[in-house]
Amino acid sequence: MSTAEPSIFTRIIAREIPADIVHETDTVIAFRDIAPKAPVHVLVVPKTPRYRDVGELAAGDPALLAEVVAVANLIANEHADGHFRLVFNTGAHAGQTVFHVHAHVLAGGLTEGSLAH
């Protein structure tokens, strides 16, 4: 584990920073993105800061990765009729800005290429 400052997600989990939380379990939290890229844009975040990206999570705790995906599916069923994109950015050159693994649940009238920069 890193000795760096806690990530914004760690601080949200600790309730130091407010967030619009839509789902929470003992191990995962889901909240609305503050800069949404789609009508539904929810982040699903494991509560442990141990894993920086989805590759580390898959290798270190596949059951937790499965829970992240299950929560994403639940969020999509509740907020988007079950239709969604699930995006994990891995590495700075892929757009990852917070190095605490998290999934983006994106939904709501998306079309192919609608999230292109």
# chains A, B, ... in the order shown; residues from 1 in each chain; ligands from 1
call {"tool": "residues_around", "arguments": {"residues": "Phe84 of chain A", "least_positions_apart": "5", "cutoff": "7 Å", "atoms": "only C-alpha atoms", "output": "VMD selection string"}}
result
chain A and resid 76 105 to 107
call {"tool": "write_last_selection", "arguments": {"atoms": "all heavy atoms", "output": "PDB file, in the first residue's frame"}}
result
ATOM      1  N   ALA A  76     -27.352  -0.052 -12.827  1.00  0.00           N
ATOM      2  CA  ALA A  76     -27.941   0.074 -14.166  1.00  0.00           C
ATOM      3  C   ALA A  76     -29.401  -0.371 -14.175  1.00  0.00           C
ATOM      4  O   ALA A  76     -30.239   0.254 -14.828  1.00  0.00           O
ATOM      5  CB  ALA A  76     -27.133  -0.734 -15.173  1.00  0.00           C
ATOM      6  N   VAL A 105     -20.069   3.569 -14.376  1.00  0.00           N
ATOM      7  CA  VAL A 105     -21.314   3.065 -14.946  1.00  0.00           C
ATOM      8  C   VAL A 105     -21.909   4.231 -15.724  1.00  0.00           C
ATOM      9  O   VAL A 105     -22.245   5.267 -15.148  1.00  0.00           O
ATOM     10  CB  VAL A 105     -22.302   2.596 -13.859  1.00  0.00           C
ATOM     11  CG1 VAL A 105     -23.604   2.107 -14.488  1.00  0.00           C
ATOM     12  CG2 VAL A 105     -21.671   1.509 -12.995  1.00  0.00           C
ATOM     13  N   LEU A 106     -21.991   4.071 -17.031  1.00  0.00           N
ATOM     14  CA  LEU A 106     -22.489   5.119 -17.922  1.00  0.00           C
ATOM     15  C   LEU A 106     -23.733   4.618 -18.639  1.00  0.00           C
ATOM     16  O   LEU A 106     -23.730   3.503 -19.171  1.00  0.00           O
ATOM     17  CB  LEU A 106     -21.410   5.474 -18.949  1.00  0.00           C
ATOM     18  CG  LEU A 106     -20.085   5.956 -18.353  1.00  0.00           C
ATOM     19  CD1 LEU A 106     -18.956   5.723 -19.307  1.00  0.00           C
ATOM     20  CD2 LEU A 106     -20.199   7.411 -17.969  1.00  0.00           C
ATOM     21  N   ALA A 107     -24.777   5.430 -18.636  1.00  0.00           N
ATOM     22  CA  ALA A 107     -26.033   4.984 -19.266  1.00  0.00           C
ATOM     23  C   ALA A 107     -26.897   6.196 -19.589  1.00  0.00           C
ATOM     24  O   ALA A 107     -26.638   7.306 -19.152  1.00  0.00           O
ATOM     25  CB  ALA A 107     -26.776   4.046 -18.314  1.00  0.00           C
TER      26      ALA A 107
END
call {"tool": "closest_atom_pairs", "arguments": {"of": "segment 3-77 of chain A", "to": "segment 90-104 of chain A", "cutoff": "9 Å", "atoms": "only C-alpha atoms", "output": "tab-separated table"}}
result
residue	atom	partner	partner_atom	distance
A:Ser7	CA	A:Val98	CA	6.8
A:Ile8	CA	A:Val98	CA	7.5
A:Phe9	CA	A:His100	CA	7.1
A:Thr10	CA	A:His100	CA	8.1
A:Asp33	CA	A:His104	CA	8.4
A:His41	CA	A:His104	CA	6.6
A:Val42	CA	A:His104	CA	5.8
A:Leu43	CA	A:His104	CA	4.7
A:Val44	CA	A:Ala103	CA	5.1
A:Val45	CA	A:His102	CA	4.6
A:Pro46	CA	A:His102	CA	6.9
A:Thr48	CA	A:His100	CA	8.3
A:Pro49	CA	A:His100	CA	5.7
A:Arg50	CA	A:His100	CA	7.6
A:Tyr51	CA	A:Val101	CA	5.8
A:Arg52	CA	A:His100	CA	4.5
A:Asp53	CA	A:Val101	CA	4.3
A:Val54	CA	A:Val101	CA	5.9
A:Gly55	CA	A:Thr90	CA	7.8
A:Glu56	CA	A:Val101	CA	8.4
A:Leu57	CA	A:Val101	CA	7.4
A:Val68	CA	A:Ala103	CA	7.5
A:Val69	CA	A:Ala103	CA	8.2
A:Ala72	CA	A:Ala103	CA	7.9
call {"tool": "select_by_dssp", "arguments": {"residues": "segment 29-71 of chain A", "states": "alpha helix (DSSP H)", "output": "number ranges by chain"}}
result
A: 54-60, 62-71
call {"tool": "residues_around", "arguments": {"residues": "Ala70 of chain A", "least_positions_apart": "5", "cutoff": "12 Å", "atoms": "only C-alpha atoms", "output": "PDB file with C-alpha atoms, in the first residue's frame"}}
result
ATOM      1  CA  HIS A  23     -25.505   2.261  -3.103  1.00  0.00           C
ATOM      2  CA  THR A  25     -22.153  -2.482   0.947  1.00  0.00           C
ATOM      3  CA  VAL A  28     -18.116  -1.266  -2.149  1.00  0.00           C
ATOM      4  CA  ALA A  30     -21.311   3.768  -5.486  1.00  0.00           C
ATOM      5  CA  VAL A  44     -18.438   2.039  -8.225  1.00  0.00           C
ATOM      6  CA  ALA A  63     -14.317 -11.789  -5.837  1.00  0.00           C
ATOM      7  CA  LEU A  64     -14.195  -8.052  -5.109  1.00  0.00           C
ATOM      8  CA  LEU A  65     -14.009  -7.328  -8.843  1.00  0.00           C
ATOM      9  CA  ILE A  75     -27.133   0.465 -10.463  1.00  0.00           C
ATOM     10  CA  ALA A  76     -27.941   0.074 -14.166  1.00  0.00           C
ATOM     11  CA  ASN A  77     -31.106  -1.885 -13.379  1.00  0.00           C
ATOM     12  CA  GLY A  82     -30.319  -2.415 -17.287  1.00  0.00           C
ATOM     13  CA  LEU A  86     -18.878  -0.254 -17.681  1.00  0.00           C
ATOM     14  CA  ALA A 103     -15.627   1.566 -12.442  1.00  0.00           C
ATOM     15  CA  VAL A 105     -21.314   3.065 -14.946  1.00  0.00           C
TER      16      VAL A 105
END
call {"tool": "select_by_dssp", "arguments": {"residues": "chain A", "states": "strand (DSSP E)", "output": "ChimeraX atom specification"}}
result
/A:21-24,28-32,40-46,85-87,103-107
call {"tool": "atom_distance", "arguments": {"atom1": "atom CA of Ala80 of chain A", "atom2": "atom CA of Val40 of chain A"}}
result
7.3 Å
call {"tool": "closest_residue", "arguments": {"among": "A:Pro18, A:Pro6, A:Gly108, A:Phe31", "to": "Asp81 of chain A", "atoms": "only C-alpha atoms"}}
result
A:Gly108
call {"tool": "atom_distance", "arguments": {"atom1": "atom CA of Leu74 of chain A", "atom2": "atom CA of Val22 of chain A"}}
result
10.5 Å
call {"tool": "closest_residue", "arguments": {"among": "A:Leu110, A:Ile29, A:Ala35, A:Ala58", "to": "Arg85 of chain A", "atoms": "only C-alpha atoms"}}
result
A:Leu110
call {"tool": "atom_distance", "arguments": {"atom1": "atom CA of Lys37 of chain A", "atom2": "atom CA of Ala66 of chain A"}}
result
24.1 Å
call {"tool": "decode", "arguments": {"residues": "segment 83-117 of chain A", "atoms": "N, CA, C and O atoms", "output": "short mmCIF file (atom, residue, chain, number, x, y, z; two decimals), in the first residue's frame"}}
result
data_model
loop_
_atom_site.label_atom_id
_atom_site.label_comp_id
_atom_site.auth_asym_id
_atom_site.auth_seq_id
_atom_site.Cartn_x
_atom_site.Cartn_y
_atom_site.Cartn_z
N HIS A 83 -29.44 -1.12 -19.16
CA HIS A 83 -28.55 -0.86 -20.29
C HIS A 83 -27.44 0.07 -19.82
O HIS A 83 -27.71 1.16 -19.33
N PHE A 84 -26.19 -0.35 -20.00
CA PHE A 84 -25.09 0.47 -19.49
C PHE A 84 -23.76 0.11 -20.13
O PHE A 84 -23.61 -0.94 -20.73
N ARG A 85 -22.82 1.02 -19.98
CA ARG A 85 -21.41 0.76 -20.28
C ARG A 85 -20.68 0.71 -18.95
O ARG A 85 -20.98 1.49 -18.04
N LEU A 86 -19.71 -0.16 -18.87
CA LEU A 86 -18.88 -0.25 -17.68
C LEU A 86 -17.45 0.00 -18.12
O LEU A 86 -16.90 -0.73 -18.93
N VAL A 87 -16.85 1.08 -17.59
CA VAL A 87 -15.53 1.52 -18.04
C VAL A 87 -14.58 1.57 -16.85
O VAL A 87 -14.89 2.15 -15.82
N PHE A 88 -13.41 0.95 -17.04
CA PHE A 88 -12.31 1.05 -16.09
C PHE A 88 -11.16 1.73 -16.84
O PHE A 88 -10.66 1.19 -17.82
N ASN A 89 -10.73 2.90 -16.40
CA ASN A 89 -9.55 3.53 -16.96
C ASN A 89 -8.35 3.02 -16.18
O ASN A 89 -8.37 3.02 -14.95
N THR A 90 -7.33 2.58 -16.90
CA THR A 90 -6.15 2.01 -16.24
C THR A 90 -4.91 2.73 -16.75
O THR A 90 -4.51 2.55 -17.90
N GLY A 91 -4.35 3.57 -15.89
CA GLY A 91 -3.15 4.32 -16.24
C GLY A 91 -3.46 5.73 -16.69
O GLY A 91 -4.53 6.00 -17.26
N ALA A 92 -2.53 6.62 -16.44
CA ALA A 92 -2.72 8.04 -16.76
C ALA A 92 -2.96 8.27 -18.25
O ALA A 92 -3.77 9.11 -18.63
N HIS A 93 -2.30 7.49 -19.11
CA HIS A 93 -2.45 7.68 -20.56
C HIS A 93 -3.79 7.15 -21.06
O HIS A 93 -4.16 7.41 -22.21
N ALA A 94 -4.52 6.45 -20.20
CA ALA A 94 -5.86 5.97 -20.54
C ALA A 94 -6.94 6.81 -19.87
O ALA A 94 -8.12 6.46 -19.92
N GLY A 95 -6.54 7.88 -19.22
CA GLY A 95 -7.50 8.79 -18.61
C GLY A 95 -7.74 8.58 -17.12
O GLY A 95 -8.58 9.25 -16.54
N GLN A 96 -7.01 7.66 -16.49
CA GLN A 96 -7.19 7.47 -15.05
C GLN A 96 -6.57 8.65 -14.31
O GLN A 96 -5.41 8.99 -14.52
N THR A 97 -7.37 9.28 -13.45
CA THR A 97 -6.87 10.42 -12.68
C THR A 97 -6.84 10.15 -11.19
O THR A 97 -6.14 10.83 -10.46
N VAL A 98 -7.62 9.17 -10.73
CA VAL A 98 -7.61 8.76 -9.33
C VAL A 98 -7.11 7.32 -9.29
O VAL A 98 -7.74 6.44 -9.89
N PHE A 99 -6.00 7.09 -8.62
CA PHE A 99 -5.37 5.78 -8.64
C PHE A 99 -5.82 4.93 -7.45
O PHE A 99 -5.03 4.45 -6.65
N HIS A 100 -7.13 4.80 -7.37
CA HIS A 100 -7.87 3.93 -6.46
C HIS A 100 -8.89 3.29 -7.40
O HIS A 100 -9.74 3.99 -7.95
N VAL A 101 -8.77 1.99 -7.64
CA VAL A 101 -9.58 1.35 -8.68
C VAL A 101 -11.06 1.74 -8.56
O VAL A 101 -11.60 1.85 -7.46
N HIS A 102 -11.67 2.00 -9.71
CA HIS A 102 -13.08 2.34 -9.75
C HIS A 102 -13.64 2.08 -11.14
O HIS A 102 -12.91 2.12 -12.12
N ALA A 103 -14.94 1.79 -11.18
CA ALA A 103 -15.63 1.57 -12.44
C ALA A 103 -16.60 2.72 -12.68
O ALA A 103 -17.23 3.21 -11.75
N HIS A 104 -16.71 3.11 -13.94
CA HIS A 104 -17.69 4.11 -14.35
C HIS A 104 -18.89 3.38 -14.95
O HIS A 104 -18.74 2.64 -15.91
N VAL A 105 -20.07 3.57 -14.38
CA VAL A 105 -21.31 3.07 -14.95
C VAL A 105 -21.91 4.23 -15.72
O VAL A 105 -22.24 5.27 -15.15
N LEU A 106 -21.99 4.07 -17.03
CA LEU A 106 -22.49 5.12 -17.92
C LEU A 106 -23.73 4.62 -18.64
O LEU A 106 -23.73 3.50 -19.17
N ALA A 107 -24.78 5.43 -18.64
CA ALA A 107 -26.03 4.98 -19.27
C ALA A 107 -26.90 6.20 -19.59
O ALA A 107 -26.64 7.31 -19.15
N GLY A 108 -27.95 5.92 -20.35
CA GLY A 108 -28.93 6.95 -20.64
C GLY A 108 -28.80 7.54 -22.03
O GLY A 108 -28.19 8.59 -22.18
N GLY A 109 -29.34 6.87 -23.01
CA GLY A 109 -29.35 7.42 -24.36
C GLY A 109 -28.02 7.45 -25.05
O GLY A 109 -27.78 8.29 -25.91
N LEU A 110 -27.11 6.57 -24.68
CA LEU A 110 -25.80 6.54 -25.33
C LEU A 110 -25.89 5.86 -26.69
O LEU A 110 -26.66 4.94 -26.90
N THR A 111 -25.04 6.32 -27.60
CA THR A 111 -24.90 5.67 -28.90
C THR A 111 -23.42 5.39 -29.13
O THR A 111 -22.56 5.93 -28.43
N GLU A 112 -23.12 4.55 -30.08
CA GLU A 112 -21.72 4.22 -30.38
C GLU A 112 -20.96 5.50 -30.68
O GLU A 112 -21.40 6.33 -31.46
N GLY A 113 -19.85 5.70 -30.02
CA GLY A 113 -19.03 6.88 -30.24
C GLY A 113 -19.49 8.11 -29.48
O GLY A 113 -18.87 9.16 -29.57
N SER A 114 -20.57 7.99 -28.69
CA SER A 114 -21.11 9.18 -28.02
C SER A 114 -20.22 9.69 -26.89
O SER A 114 -20.41 10.81 -26.44
N LEU A 115 -19.25 8.91 -26.46
CA LEU A 115 -18.37 9.36 -25.39
C LEU A 115 -16.99 9.71 -25.90
O LEU A 115 -16.07 9.93 -25.12
N ALA A 116 -16.83 9.79 -27.21
CA ALA A 116 -15.53 10.13 -27.80
C ALA A 116 -15.15 11.55 -27.42
O ALA A 116 -16.00 12.43 -27.28
N HIS A 117 -13.87 11.77 -27.29
CA HIS A 117 -13.38 13.11 -26.93
C HIS A 117 -13.35 14.00 -28.13
O HIS A 117 -13.06 13.73 -29.18
#
